[in-house]
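What follows is the content of data.cif, which has mmCIF, C-alpha atoms, pLDDT in the B column; chains and numbers go by the auth columns:
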data_my_file
loop_
_atom_site.group_PDB
_atom_site.id
_atom_site.type_symbol
_atom_site.label_atom_id
_atom_site.label_comp_id
_atom_site.label_asym_id
_atom_site.label_seq_id
_atom_site.Cartn_x
_atom_site.Cartn_y
_atom_site.Cartn_z
_atom_site.B_iso_or_equiv
_atom_site.auth_seq_id
_atom_site.auth_asym_id
ATOM 1 C CA MET A 1 -24.284 -6.396 16.818 75.00 1477 A
ATOM 2 C CA SER A 2 -21.051 -4.672 15.778 82.00 1478 A
ATOM 3 C CA SER A 3 -20.351 -0.975 16.194 85.00 1479 A
ATOM 4 C CA GLU A 4 -19.730 1.434 13.358 89.00 1480 A
ATOM 5 C CA ILE A 5 -16.466 3.321 13.506 92.00 1481 A
ATOM 6 C CA GLN A 6 -15.098 6.537 12.096 95.00 1482 A
ATOM 7 C CA VAL A 7 -11.359 6.902 11.596 96.00 1483 A
ATOM 8 C CA THR A 8 -10.074 10.370 12.513 95.00 1484 A
ATOM 9 C CA PHE A 9 -6.840 11.951 11.296 94.00 1485 A
ATOM 10 C CA ASP A 10 -5.288 15.013 12.901 94.00 1486 A
ATOM 11 C CA ALA A 11 -3.993 17.186 10.077 95.00 1487 A
ATOM 12 C CA SER A 12 -2.448 20.519 9.245 95.00 1488 A
ATOM 13 C CA ASP A 13 -4.420 20.691 5.955 96.00 1489 A
ATOM 14 C CA PRO A 14 -7.629 18.628 6.260 97.00 1490 A
ATOM 15 C CA ARG A 15 -8.823 19.354 2.709 97.00 1491 A
ATOM 16 C CA ALA A 16 -5.568 18.281 1.060 97.00 1492 A
ATOM 17 C CA LEU A 17 -5.169 15.194 3.250 97.00 1493 A
ATOM 18 C CA SER A 18 -8.789 14.138 2.707 98.00 1494 A
ATOM 19 C CA THR A 19 -8.317 14.542 -1.048 98.00 1495 A
ATOM 20 C CA PHE A 20 -5.212 12.325 -0.926 98.00 1496 A
ATOM 21 C CA TRP A 21 -7.014 9.584 1.017 98.00 1497 A
ATOM 22 C CA ARG A 22 -10.126 9.939 -1.186 98.00 1498 A
ATOM 23 C CA ASP A 23 -7.967 9.118 -4.190 98.00 1499 A
ATOM 24 C CA VAL A 24 -6.130 6.294 -2.395 97.00 1500 A
ATOM 25 C CA LEU A 25 -9.302 4.552 -1.221 97.00 1501 A
ATOM 26 C CA GLY A 26 -11.797 5.393 -3.980 97.00 1502 A
ATOM 27 C CA TYR A 27 -13.945 7.298 -1.468 98.00 1503 A
ATOM 28 C CA VAL A 28 -15.922 10.499 -2.055 97.00 1504 A
ATOM 29 C CA HIS A 29 -16.359 13.799 -0.275 97.00 1505 A
ATOM 30 C CA PRO A 30 -19.978 13.928 0.935 96.00 1506 A
ATOM 31 C CA ALA A 31 -22.312 16.780 0.062 94.00 1507 A
ATOM 32 C CA PRO A 32 -23.073 19.460 2.661 94.00 1508 A
ATOM 33 C CA PRO A 33 -26.106 18.736 4.862 92.00 1509 A
ATOM 34 C CA GLY A 34 -29.432 19.247 3.113 86.00 1510 A
ATOM 35 C CA ASP A 35 -27.727 19.915 -0.219 73.00 1511 A
ATOM 36 C CA PRO A 36 -27.800 16.937 -2.599 83.00 1512 A
ATOM 37 C CA LEU A 37 -25.231 17.451 -5.314 87.00 1513 A
ATOM 38 C CA PRO A 38 -26.145 17.371 -8.986 88.00 1514 A
ATOM 39 C CA GLU A 39 -24.295 14.766 -11.057 88.00 1515 A
ATOM 40 C CA GLY A 40 -20.713 15.883 -11.658 88.00 1516 A
ATOM 41 C CA ALA A 41 -20.784 18.735 -9.132 93.00 1517 A
ATOM 42 C CA ASP A 42 -17.667 19.385 -7.067 95.00 1518 A
ATOM 43 C CA PRO A 43 -18.465 18.578 -3.418 96.00 1519 A
ATOM 44 C CA LEU A 44 -15.581 20.700 -2.122 95.00 1520 A
ATOM 45 C CA ALA A 45 -16.887 23.751 -3.995 94.00 1521 A
ATOM 46 C CA ALA A 46 -20.344 22.993 -2.572 94.00 1522 A
ATOM 47 C CA TRP A 47 -18.838 22.901 0.934 95.00 1523 A
ATOM 48 C CA ASP A 48 -17.117 26.266 0.336 94.00 1524 A
ATOM 49 C CA ALA A 49 -20.426 27.814 -0.703 93.00 1525 A
ATOM 50 C CA PHE A 50 -22.293 26.171 2.196 94.00 1526 A
ATOM 51 C CA LEU A 51 -19.778 27.332 4.803 95.00 1527 A
ATOM 52 C CA ALA A 52 -19.725 30.856 3.387 95.00 1528 A
ATOM 53 C CA GLY A 53 -23.524 30.870 3.416 94.00 1529 A
ATOM 54 C CA ILE A 54 -23.705 30.034 7.112 94.00 1530 A
ATOM 55 C CA GLY A 55 -21.071 32.635 8.001 95.00 1531 A
ATOM 56 C CA VAL A 56 -18.010 30.475 8.657 95.00 1532 A
ATOM 57 C CA PRO A 57 -14.959 32.760 8.256 96.00 1533 A
ATOM 58 C CA GLU A 58 -12.761 31.886 5.278 93.00 1534 A
ATOM 59 C CA GLY A 59 -9.815 31.025 7.553 92.00 1535 A
ATOM 60 C CA GLU A 60 -11.908 28.374 9.321 94.00 1536 A
ATOM 61 C CA ARG A 61 -13.319 26.631 6.249 94.00 1537 A
ATOM 62 C CA ASN A 62 -10.424 24.155 6.123 96.00 1538 A
ATOM 63 C CA ALA A 63 -10.726 23.180 9.800 96.00 1539 A
ATOM 64 C CA ARG A 64 -12.243 19.805 8.971 96.00 1540 A
ATOM 65 C CA SER A 65 -13.074 17.517 6.081 97.00 1541 A
ATOM 66 C CA ALA A 66 -14.463 14.020 5.604 97.00 1542 A
ATOM 67 C CA ILE A 67 -14.623 11.250 3.057 98.00 1543 A
ATOM 68 C CA GLU A 68 -17.010 8.305 2.783 97.00 1544 A
ATOM 69 C CA ASP A 69 -17.138 4.966 1.029 97.00 1545 A
ATOM 70 C CA PRO A 70 -19.603 5.445 -1.852 96.00 1546 A
ATOM 71 C CA ALA A 71 -20.739 1.824 -1.383 96.00 1547 A
ATOM 72 C CA GLY A 72 -21.372 2.410 2.325 94.00 1548 A
ATOM 73 C CA ARG A 73 -19.206 -0.520 3.455 94.00 1549 A
ATOM 74 C CA GLY A 74 -16.066 1.160 4.795 95.00 1550 A
ATOM 75 C CA PRO A 75 -15.775 3.570 7.703 96.00 1551 A
ATOM 76 C CA ARG A 76 -16.193 7.319 7.331 97.00 1552 A
ATOM 77 C CA ILE A 77 -12.837 9.079 7.605 97.00 1553 A
ATOM 78 C CA PHE A 78 -12.722 12.475 9.311 97.00 1554 A
ATOM 79 C CA PHE A 79 -9.853 14.976 9.134 97.00 1555 A
ATOM 80 C CA GLN A 80 -9.497 17.727 11.726 96.00 1556 A
ATOM 81 C CA ARG A 81 -7.012 20.575 11.793 95.00 1557 A
ATOM 82 C CA VAL A 82 -4.737 20.608 14.818 93.00 1558 A
ATOM 83 C CA PRO A 83 -2.093 23.209 15.669 87.00 1559 A
ATOM 84 C CA GLU A 84 0.749 20.768 16.329 86.00 1560 A
ATOM 85 C CA GLY A 85 2.608 18.827 13.677 80.00 1561 A
ATOM 86 C CA LYS A 86 3.219 15.090 13.663 80.00 1562 A
ATOM 87 C CA THR A 87 6.336 14.405 15.720 81.00 1563 A
ATOM 88 C CA VAL A 88 6.541 10.621 16.172 81.00 1564 A
ATOM 89 C CA LYS A 89 5.445 7.382 14.534 79.00 1565 A
ATOM 90 C CA ASN A 90 1.680 6.972 14.548 82.00 1566 A
ATOM 91 C CA ARG A 91 0.447 4.179 16.798 79.00 1567 A
ATOM 92 C CA VAL A 92 -2.484 3.273 14.561 85.00 1568 A
ATOM 93 C CA HIS A 93 -2.168 3.056 10.814 89.00 1569 A
ATOM 94 C CA LEU A 94 -4.205 1.915 7.855 92.00 1570 A
ATOM 95 C CA ASP A 95 -3.357 -1.163 5.815 94.00 1571 A
ATOM 96 C CA VAL A 96 -4.534 -0.567 2.261 96.00 1572 A
ATOM 97 C CA ARG A 97 -5.404 -3.942 0.742 95.00 1573 A
ATOM 98 C CA ALA A 98 -3.941 -3.497 -2.720 95.00 1574 A
ATOM 99 C CA ALA A 99 -3.364 -7.147 -3.655 95.00 1575 A
ATOM 100 C CA PRO A 100 -6.080 -9.313 -2.089 94.00 1576 A
ATOM 101 C CA GLY A 101 -5.701 -12.992 -2.903 93.00 1577 A
ATOM 102 C CA LEU A 102 -2.337 -12.592 -4.651 95.00 1578 A
ATOM 103 C CA ARG A 103 0.876 -14.282 -3.533 94.00 1579 A
ATOM 104 C CA GLY A 104 4.597 -14.114 -4.266 94.00 1580 A
ATOM 105 C CA ALA A 105 5.909 -12.157 -7.253 96.00 1581 A
ATOM 106 C CA GLU A 106 2.409 -11.428 -8.570 97.00 1582 A
ATOM 107 C CA ARG A 107 1.438 -9.871 -5.228 96.00 1583 A
ATOM 108 C CA MET A 108 4.582 -7.784 -4.963 97.00 1584 A
ATOM 109 C CA ALA A 109 4.169 -6.554 -8.562 98.00 1585 A
ATOM 110 C CA ALA A 110 0.610 -5.420 -7.753 98.00 1586 A
ATOM 111 C CA LEU A 111 1.861 -3.647 -4.618 98.00 1587 A
ATOM 112 C CA GLU A 112 4.633 -1.940 -6.601 98.00 1588 A
ATOM 113 C CA ALA A 113 2.122 -0.708 -9.198 98.00 1589 A
ATOM 114 C CA GLU A 114 -0.112 0.728 -6.474 98.00 1590 A
ATOM 115 C CA CYS A 115 2.920 2.234 -4.743 98.00 1591 A
ATOM 116 C CA ALA A 116 3.851 4.084 -7.955 98.00 1592 A
ATOM 117 C CA ARG A 117 0.279 5.431 -8.263 98.00 1593 A
ATOM 118 C CA LEU A 118 0.281 6.661 -4.659 98.00 1594 A
ATOM 119 C CA VAL A 119 3.725 8.273 -4.947 98.00 1595 A
ATOM 120 C CA ALA A 120 2.298 10.283 -7.860 98.00 1596 A
ATOM 121 C CA LEU A 121 -0.508 11.426 -5.497 98.00 1597 A
ATOM 122 C CA GLY A 122 2.000 12.612 -2.873 98.00 1598 A
ATOM 123 C CA ALA A 123 2.799 9.519 -0.805 98.00 1599 A
ATOM 124 C CA VAL A 124 6.367 8.629 0.143 98.00 1600 A
ATOM 125 C CA ARG A 125 7.722 5.094 -0.097 98.00 1601 A
ATOM 126 C CA VAL A 126 9.508 4.062 3.101 98.00 1602 A
ATOM 127 C CA ARG A 127 10.488 0.437 2.496 97.00 1603 A
ATOM 128 C CA ARG A 128 9.517 -2.890 0.977 98.00 1604 A
ATOM 129 C CA ASP A 129 9.255 -5.972 3.185 96.00 1605 A
ATOM 130 C CA GLU A 130 9.682 -9.152 1.176 96.00 1606 A
ATOM 131 C CA PRO A 131 7.350 -12.125 1.622 94.00 1607 A
ATOM 132 C CA GLU A 132 8.267 -14.470 4.481 92.00 1608 A
ATOM 133 C CA PRO A 133 5.855 -17.402 4.191 87.00 1609 A
ATOM 134 C CA PRO A 134 3.872 -18.535 6.016 86.00 1610 A
ATOM 135 C CA MET A 135 3.678 -15.512 8.344 91.00 1611 A
ATOM 136 C CA SER A 136 4.008 -12.533 6.004 93.00 1612 A
ATOM 137 C CA PRO A 137 2.940 -12.297 2.373 95.00 1613 A
ATOM 138 C CA GLY A 138 5.054 -9.103 1.918 96.00 1614 A
ATOM 139 C CA PHE A 139 4.058 -5.438 2.040 97.00 1615 A
ATOM 140 C CA ILE A 140 5.247 -1.883 1.311 98.00 1616 A
ATOM 141 C CA VAL A 141 5.436 0.762 4.032 97.00 1617 A
ATOM 142 C CA MET A 142 4.559 4.312 2.946 97.00 1618 A
ATOM 143 C CA THR A 143 3.647 7.694 4.414 96.00 1619 A
ATOM 144 C CA ASP A 144 0.886 10.059 3.351 97.00 1620 A
ATOM 145 C CA PRO A 145 1.647 13.729 2.530 97.00 1621 A
ATOM 146 C CA GLU A 146 1.576 14.654 6.250 95.00 1622 A
ATOM 147 C CA GLY A 147 3.885 11.812 7.314 94.00 1623 A
ATOM 148 C CA ASN A 148 1.284 9.314 8.607 94.00 1624 A
ATOM 149 C CA GLU A 149 2.531 5.788 8.075 95.00 1625 A
ATOM 150 C CA PHE A 150 0.423 3.216 6.230 96.00 1626 A
ATOM 151 C CA CYS A 151 1.056 -0.085 4.486 96.00 1627 A
ATOM 152 C CA LEU A 152 0.193 -1.449 1.087 97.00 1628 A
ATOM 153 C CA ASP A 153 -0.812 -4.944 2.041 94.00 1629 A
#

Give the structure from this file in structure tokens form.
Amino acid sequence: MSSEIQVTFDASDPRALSTFWRDVLGYVHPAPPGDPLPEGADPLAAWDAFLAGIGVPEGERNARSAIEDPAGRGPRIFFQRVPEGKTVKNRVHLDVRAAPGLRGAERMAALEAECARLVALGAVRVRRDEPEPPMSPGFIVMTDPEGNEFCLD
């Protein structure tokens, strides 16, 4: 039996970083505990109301955030506020599979299209690594809005 995992990001702004990754991955912000959301309701507004209702001070309401795969297949991703900023290259990073099954120019075109979408969300393009068959099909290295490296693969 395999273990479930949760991926945790240290962040200076958990809400903003979780919103970025929600949009990258097609995930959702879950509803507060015991509070199913009506169709179309804003889960972040529901969290604000929930936290206010249980007495969490306004300055602490952005201390953590989470996103989940709506299909229940991918890991939950948790974001926690930390006082220190990112100072070096992260030792673990996500590979976002943006061109599964594609090869060559078609693959790289799909990665470029996804790269443009993510730059518009706040990502930064670092570099493009060209395909080197048979070992590498090519990828694009990027960083999220807080400087965490990830790859479009």

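Distances to A:Trp1497 were evaluated for A:Glu1515, A:Asp1605, A:Glu1582, A:Glu1622 using all atoms listed in the file, and the minimum falls at A:Glu1622.
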
The PyMOL selection byres ((chain A and resi 1499) around 12) applied to the shown file, residues as a list in words: Ala1492, Leu1493, Ser1494, Thr1495, Phe1496, Trp1497, Arg1498, Val1500, Leu1501, Gly1502, Tyr1503, Val1504, His1505, Ile1543, Glu1544, Asp1545, Glu1590, Arg1593, Leu1594, Val1595, Ala1596, Leu1597, Gly1598, Ala1599 and Asp1620 of chain A

For A:Asn1624, which residue out of A:Met1611, A:Ile1553, A:Val1564, A:Ala1547 is the nearest one, using all atoms listed in the file? A:Val1564

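Each of A:Pro1509, A:Phe1554, A:Asp1518, A:Thr1619 was compared to A:Asn1566 using only C-alpha atoms, and A:Thr1619 turns out to be the nearest.
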
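Atom CA of A:Val1572 is positioned 19.0 Å from atom CA of A:Glu1608.
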
Distance atom CA of A:Arg1491-atom CA of A:Ala1528, one decimal place? 15.9 Å

Please write as a list in words the full residue list that the PyMOL selection byres ((chain A and resi 1555) around 6) yields on this file. Thr1484, Phe1485, Asp1486, Pro1490, Arg1540, Ser1541, Ala1542, Phe1554 and Gln1556 of chain A

Find the smallest box with edges along x, y and z containing every listed atom of stretch 1614-1628 of chain A, then add 6 Å on each side and report centre and edge lengths in Å to one decimal, as AutoDock Vina command-line options.
--center_x 2.8 --center_y 2.8 --center_z 4.8 --size_x 17.2 --size_y 35.8 --size_z 19.5

My list of candidates is A:Arg1557, A:Leu1628, A:Ala1525, A:Gly1580. Which is closest to A:Pro1609 when distances are computed with all atoms listed in the file? A:Gly1580
